[in-house]
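All remarks here apply to the structure that follows.
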Amino acid sequence: MKKLKKFLLHFLVCLAALLALGLGFIRHKTYQAHKSSMAAAESAKITKDYLFFESKGSTKANIVFYQGALVEEKAYAGLAKDLSNSGYDVYILKTPLNLPVLSSQKALSIIKAKKLKNVYLAGHSLGGVVACMNANSAKSDNISGLILLASYPSEKVNLSKRHLKVLSITASNDKVLKWDQYKSAKKRLPSDTSYTSISGGNHSEFGDYGHQSKDGDATISQKNQEKQIAAAVSNFIN
C-alpha cells in the first residue's frame with residue numbers, strides 16, 4: 001500500500017511538472033501585443049471574457065472577434081479602436097492560452113448574454129476558422145455576416161447555402177496562410193462572398209504583434225495594413 005501511495009505521489013508530481021512545462025512553452029510561444037496596441041486597449045472596457053470597444057455615435061453593427069492562435073488578444077486593439085471610431089461596437093474575445101479552439105462557443109455565448117443584434121462574427125487565421133464554426137452552428141437571425149482575416153472554413157464547415165454576408169481579406173505577402181487550402185475552401189463559402197487583397201501586407205500585420213515565424217516580409221507598415229482592413233470592413237458592412 002505504501003509503495004502504491006509513493007508511486008501515485010511521484011506520478012502526480014511528474015504530471016504537474018509536465019503541465020507546468022507545457023504551459024510555460026505555450027506562453028513562451030505566444031505573440032505579445034506591441035505598445036501601440038496596448039495603449040489602444042486602454043480605451044476598452046475589459047472584462048474576464050472580452051475587450052469591448054464602444055462605437056462613437058449610433059452603433060451600425062456589432063463585431064465579435066476571435067484572435068489568431070497564440071496571439072495576445074490586445075494585439076488587435078488598434079484595429080478594434082479604428083472600427084469603433086467608424087461606428088461599430090467591437091468585442092475582442094479572450095480565450096484560454098490565446099487559443100480560440102479552447103473556447104469555440106464564446107462568441108455565441110456573448111451574443112446571447114448581451115442580446116446583440118446585427119452581429120458580424122470575425123477572426124484572424126485560426127480565429128476565423130472558429131468564427132466559421134460559430135456561423136455554421138448559429139440558429140439566430142442576429143448573425144448578419146462573417147469577416148475572415150487570412151482565414152477560411154474547415155473541411156467540416158460548409159457555409160455555401162447560408163444566408164450570410166461574407167468578407168474575406170488576405171494579404172499578398174502572407175506566407176503563413178495555406179493558400180491551396182484557402183482556394184479550395186472558397187466552394188464552402190457563399191457564392192457572393194467579397195474578396196479583398198491587401199497589396200504588400202502579410203499575415204502578421206493583421207494584428208500588431210511583430211513578425212510571425214515563417215511569414216513573408218511586408219512592404220507596407222502594420223498601421224497601413226490595419227487602416228486598410230478597417231476601411232474594407234466598414235465598406236463591406238455599409
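Naming works like this for the C-alpha cells: A, B, ... for the chains as they're shown, residue 1 at the start of each chain, ligands 1 onward in shown order.
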TODO: Write out as a PyMOL selection string each polymer residue whose atoms come within 12 Å of Ser234 (chain A), counting only C-alpha atoms; drop sequence neighbours fewer than 4 positions from it.
DONE: chain A and resi 60-63+79-80+82-88+120+147+167+227-230+238
Selected residues, all heavy atoms, written as a compact mmCIF listing (two decimals), in the first residue's frame, please.
```txt
# COMPACT_ATOMS: atom_id res chain seq x y z
N LYS A 60 -23.65 51.04 -35.78
CA LYS A 60 -24.06 50.49 -37.07
C LYS A 60 -24.20 48.98 -37.03
O LYS A 60 -25.05 48.40 -37.71
CB LYS A 60 -23.04 50.88 -38.15
CG LYS A 60 -22.87 52.37 -38.36
CD LYS A 60 -21.76 52.66 -39.36
CE LYS A 60 -21.54 54.15 -39.54
NZ LYS A 60 -20.40 54.42 -40.46
N ALA A 61 -23.33 48.32 -36.27
CA ALA A 61 -23.34 46.86 -36.17
C ALA A 61 -22.42 46.44 -35.03
O ALA A 61 -21.64 47.25 -34.50
CB ALA A 61 -22.88 46.22 -37.48
N ASN A 62 -22.52 45.18 -34.64
CA ASN A 62 -21.64 44.60 -33.63
C ASN A 62 -20.67 43.63 -34.30
O ASN A 62 -21.07 42.83 -35.15
CB ASN A 62 -22.45 43.84 -32.58
CG ASN A 62 -23.34 44.74 -31.76
OD1 ASN A 62 -22.88 45.42 -30.85
ND2 ASN A 62 -24.63 44.76 -32.09
N ILE A 63 -19.41 43.73 -33.93
CA ILE A 63 -18.39 42.81 -34.46
C ILE A 63 -17.81 42.03 -33.29
O ILE A 63 -17.31 42.61 -32.31
CB ILE A 63 -17.27 43.59 -35.18
CG1 ILE A 63 -17.85 44.37 -36.37
CG2 ILE A 63 -16.17 42.63 -35.65
CD1 ILE A 63 -16.85 45.30 -37.05
N LEU A 79 -6.96 47.82 -34.38
CA LEU A 79 -7.99 47.59 -35.39
C LEU A 79 -9.37 47.81 -34.80
O LEU A 79 -10.23 48.46 -35.40
CB LEU A 79 -7.87 46.17 -35.95
CG LEU A 79 -8.97 45.72 -36.90
CD1 LEU A 79 -9.01 46.61 -38.14
CD2 LEU A 79 -8.76 44.25 -37.30
N ALA A 80 -9.59 47.28 -33.60
CA ALA A 80 -10.89 47.43 -32.94
C ALA A 80 -11.21 48.89 -32.66
O ALA A 80 -12.35 49.34 -32.84
CB ALA A 80 -10.91 46.63 -31.64
N ASP A 82 -10.07 51.49 -34.38
CA ASP A 82 -10.40 52.11 -35.67
C ASP A 82 -11.85 51.84 -36.05
O ASP A 82 -12.56 52.73 -36.52
CB ASP A 82 -9.48 51.55 -36.77
CG ASP A 82 -8.07 52.12 -36.71
OD1 ASP A 82 -7.87 53.12 -35.99
OD2 ASP A 82 -7.18 51.55 -37.37
N LEU A 83 -12.28 50.59 -35.84
CA LEU A 83 -13.65 50.22 -36.21
C LEU A 83 -14.67 50.89 -35.29
O LEU A 83 -15.74 51.30 -35.75
CB LEU A 83 -13.81 48.69 -36.14
CG LEU A 83 -13.08 47.92 -37.25
CD1 LEU A 83 -13.05 46.43 -36.94
CD2 LEU A 83 -13.74 48.17 -38.60
N SER A 84 -14.35 51.00 -34.03
CA SER A 84 -15.27 51.67 -33.10
C SER A 84 -15.41 53.16 -33.46
O SER A 84 -16.49 53.74 -33.34
CB SER A 84 -14.82 51.51 -31.65
OG SER A 84 -13.62 52.22 -31.40
N ASN A 85 -14.33 53.75 -33.93
CA ASN A 85 -14.37 55.15 -34.36
C ASN A 85 -15.25 55.33 -35.60
O ASN A 85 -15.71 56.44 -35.88
CB ASN A 85 -12.96 55.67 -34.65
CG ASN A 85 -12.16 55.89 -33.39
OD1 ASN A 85 -12.71 56.08 -32.30
ND2 ASN A 85 -10.83 55.87 -33.52
N SER A 86 -15.46 54.23 -36.33
CA SER A 86 -16.30 54.28 -37.53
C SER A 86 -17.74 53.88 -37.25
O SER A 86 -18.54 53.75 -38.18
CB SER A 86 -15.71 53.36 -38.62
OG SER A 86 -14.44 53.82 -39.03
N GLY A 87 -18.06 53.62 -35.97
CA GLY A 87 -19.45 53.37 -35.61
C GLY A 87 -19.81 51.93 -35.29
O GLY A 87 -21.00 51.58 -35.29
N TYR A 88 -18.81 51.11 -34.97
CA TYR A 88 -19.09 49.70 -34.68
C TYR A 88 -18.73 49.37 -33.23
O TYR A 88 -17.68 49.80 -32.73
CB TYR A 88 -18.31 48.78 -35.62
CG TYR A 88 -18.58 49.09 -37.06
CD1 TYR A 88 -17.71 49.87 -37.81
CD2 TYR A 88 -19.75 48.64 -37.67
CE1 TYR A 88 -17.97 50.20 -39.13
CE2 TYR A 88 -20.03 48.96 -39.00
CZ TYR A 88 -19.14 49.74 -39.71
OH TYR A 88 -19.42 50.06 -41.02
N TYR A 120 -21.65 40.66 -36.70
CA TYR A 120 -20.70 40.10 -37.66
C TYR A 120 -19.64 39.34 -36.88
O TYR A 120 -18.90 39.92 -36.08
CB TYR A 120 -20.05 41.21 -38.50
CG TYR A 120 -21.00 41.79 -39.53
CD1 TYR A 120 -21.96 42.73 -39.15
CD2 TYR A 120 -20.98 41.36 -40.85
CE1 TYR A 120 -22.86 43.24 -40.08
CE2 TYR A 120 -21.86 41.87 -41.78
CZ TYR A 120 -22.80 42.81 -41.38
OH TYR A 120 -23.69 43.31 -42.31
N ILE A 147 -16.57 37.90 -41.16
CA ILE A 147 -15.39 38.62 -41.64
C ILE A 147 -14.16 37.76 -41.37
O ILE A 147 -13.84 37.47 -40.21
CB ILE A 147 -15.26 39.99 -40.95
CG1 ILE A 147 -16.49 40.85 -41.24
CG2 ILE A 147 -13.97 40.69 -41.39
CD1 ILE A 147 -16.63 42.04 -40.33
N LEU A 167 -17.03 38.50 -45.91
CA LEU A 167 -15.86 39.24 -46.42
C LEU A 167 -14.61 38.45 -46.11
O LEU A 167 -14.37 38.07 -44.96
CB LEU A 167 -15.78 40.62 -45.77
CG LEU A 167 -14.50 41.44 -46.04
CD1 LEU A 167 -14.40 41.79 -47.52
CD2 LEU A 167 -14.47 42.70 -45.18
N LYS A 227 -5.29 50.06 -41.22
CA LYS A 227 -6.23 51.05 -41.74
C LYS A 227 -6.98 50.50 -42.96
O LYS A 227 -8.19 50.73 -43.12
CB LYS A 227 -5.50 52.34 -42.12
CG LYS A 227 -4.86 53.09 -40.96
CD LYS A 227 -5.90 53.66 -40.01
CE LYS A 227 -5.23 54.48 -38.91
NZ LYS A 227 -6.23 54.97 -37.91
N GLN A 228 -6.27 49.76 -43.80
CA GLN A 228 -6.93 49.17 -44.98
C GLN A 228 -7.95 48.12 -44.58
O GLN A 228 -9.02 48.01 -45.20
CB GLN A 228 -5.88 48.56 -45.92
CG GLN A 228 -5.01 49.57 -46.63
CD GLN A 228 -4.20 48.95 -47.76
OE1 GLN A 228 -4.77 48.28 -48.63
NE2 GLN A 228 -2.91 49.16 -47.75
N ILE A 229 -7.64 47.34 -43.54
CA ILE A 229 -8.59 46.33 -43.05
C ILE A 229 -9.84 47.01 -42.53
O ILE A 229 -10.97 46.62 -42.86
CB ILE A 229 -7.96 45.47 -41.93
CG1 ILE A 229 -6.77 44.67 -42.47
CG2 ILE A 229 -9.00 44.52 -41.34
CD1 ILE A 229 -5.90 44.09 -41.37
N ALA A 230 -9.65 48.04 -41.70
CA ALA A 230 -10.79 48.75 -41.12
C ALA A 230 -11.67 49.36 -42.19
O ALA A 230 -12.91 49.30 -42.11
CB ALA A 230 -10.29 49.83 -40.16
N ASN A 238 -21.37 48.45 -44.69
CA ASN A 238 -22.24 49.50 -45.18
C ASN A 238 -22.84 49.18 -46.55
O ASN A 238 -23.86 49.73 -46.92
CB ASN A 238 -21.47 50.82 -45.28
CG ASN A 238 -21.16 51.38 -43.91
OD1 ASN A 238 -21.85 51.10 -42.95
ND2 ASN A 238 -20.10 52.18 -43.82
```
Open item on the list: For Asp141 (chain A), find every residue with an atom within 9 Å (counting only C-alpha atoms), except residues of its own chain fewer than 3 positions away, and show them as an NGL selection string.
Closed with: :A and (117-118 or 138 or 144)
Task: Which of region 14-223 of chain A fall in helix (DSSP H, G or I), as a ChimeraX atom specification - done: /A:14-29,35-41,73-85,96-98,100-103,106-114,126-137,179-188,204-206,222-223
TODO: Kindly indicate which residue among A:Lys106, A:Lys187, A:Lys165, A:Lys112 lies nearest to Asp49 (chain A), using only C-alpha atoms for the distances.
DONE: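 Result for the nearest residue to Asp49 (chain A): A:Lys106.
When only C-alpha atoms are used to measure the gap to Ser43 (chain A), the shortest distance among A:Asn224, A:Tyr31, A:Ala77, A:Gln67 belongs to A:Ala77.
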Open item on the list: For a quick check of understanding, using only C-alpha atoms, which of A:Glu54, A:Glu72, A:Glu226, A:Asp217 has the smallest distance to Leu99 (chain A)?
Closed with: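 Under the stated criterion, the closest residue is A:Glu72.
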